[in-house]
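Structure first, then comments.
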Amino acid sequence: SMPVQYAGVLVEHEAVRERVGLFDITHMGEVFVTGPDAGAWISSLVTNKTADAPDGKVVYTAMCREDGGVLDDMLVYHLAGERWLVVMNASNHDKVVAWMRAHLPARGVVLDDASDRTALIAVQGPDSFALLTRLPLLQPLQEKVAALDFYTHFVVQGRSGEWIVSRTGYTGEHGYELYLPNADALAVWERLLNLGADLGVQPIGLAARDTLRFEACYCLYGHELGEAWTPLEAGIGWAVKLKKDGGFIGRDALAAQKERGVPRKPIGLEIEGKAIARQDMTVLHGERPVGKVTSGTFSPTLKKALALALVEAKVPDGELAVEIRGKRVPAHTVPLPFLAARVKGDPRAERTLA
């Protein structure tokens with residue numbers, strides 16, 4: 001039931017890159033975790049260091065099976081003290097909640113799956129701060145919003161309950177998220193559209209969400225992440241802390257893979273001509289298949305056909321090819337990310353193009 005596009009992919013993509021866009025991402029899963037052992041327990045399930053995160057911090061991480069396969073990538077919010085929030089992908093909600101419940105200790109941790117009563121609106125783009133702080137509730141808190149570092153948040157009391165205001169994002173642009181009760185969501189969505197009319201705000205559908213995250217080379221579960229490969233292979237090894245206190249499920253498998261040598265790696269490809277390399281198309285080095293495309297599209301910002309692929313670790317940079325509809329199409333490797341993120345500092349600063 002979610003819209004693929006509103007005004008059109010190119011219009012929506014440009015709005016986020018140049019001005020500001022609104023994303024209805026209420027489909028995401030939100031599980032509150034509380035109790036004296038909540039922090040240590042979450043840490044035992046995820047790859048990154050979370051237990052020592054200060055109040056107000058957000059941590060990107062992954063949750064793995066015992067063999068290192070990725071169940072999901074997610075955000076862990078340390079709300080305050082014994083209160084935490086785990087935010088997961090909608091498609092993995094049931095699987096992840098079942099995994100969490102299966103590993104729940106007898107005492108010391110309480111789960112509250114708030115997904116069905118929580119709305120989530122993302123405000124993304126260079127003018128996201130200007131728009132967000134026009135909301136009546138946040139207008140007096142402009143300094144607090146301005147003080148948010150990347151991957152931090154604060155909590156404020158809204159009309160129908162608690163709002164969480166965070167600064168993360170999935171577009172490569174400066175941006176914010178609002179977690180709020182369902183009862184407040186429609187009015188806030190409509191108010192943001194009205195307040196942002198002079199800024200050129202656009203509602204953004206799934207198609208532009210994908211082109212935006214693709215240019216910034218952010219992983220999409222089911223494409224760059226999955227149970228069939230590890231976070232080390234997926235290129236998010238920076239979010240895997242093998243030496244953290246207490247360990248985590250999948251640690252031994254990941255440590256063994258790292259010691260042996262990670263067998264696959266993500267690469268970026270520029271495709272010759274106008275052909276689009278789609279997911280699961282074969283990547284060739286010479287005549288030999290060496291991997292698969294994970295995502296591919298025409299980049300609206302860079303004006304070229306690009307692809308992300310997972311290939312054998314020993315594949316050299318340089319000239320490769322992709323089998324597209326039975327034809328061998330030349331391609332060459334390009335550095336990642338395709339487009340430098342503007343998530344820190346001045347949101348209107350000049351960006352680096354790959």
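Note on naming: chains are A, B, ... as they come in the structure tokens, residues start from 1 per chain, ligands start from 1 in the order shown.
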
Inset, instruction - Write down as a PyMOL selection string the residues of segment 137-324 of chain A whose backbone DSSP state falls under strand (DSSP E or B). - result: chain A and resi 152-157+162-167+175-181+202-203+221+225+264-271+282-285+288-299+304-312+319-324

Inset, instruction - Go through A:Arg101, A:His153, A:Lys49, A:Arg19 one by one, measure the shortest atom-to-atom distance of each to Leu131 of chain A using only C-alpha atoms, and give the residue with the smallest value. - result: A:Arg19

Inset, instruction - Mind checking which residues fall within 7 Å of Gly175 of chain A, counting only C-alpha atoms, ignoring those fewer than 5 positions away in the same chain, and posting them as a list of chain:residue names? - result: A:Val123, A:Gln124, A:Gly125, A:Ser128, A:Arg167, A:Thr168, A:Gly169

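Of the residues under consideration (A:Val311, A:Ala80, A:Leu269, A:Cys217), A:Ala80 shows the shortest atom-to-atom contact distance to Pro54 of chain A when counting only C-alpha atoms.
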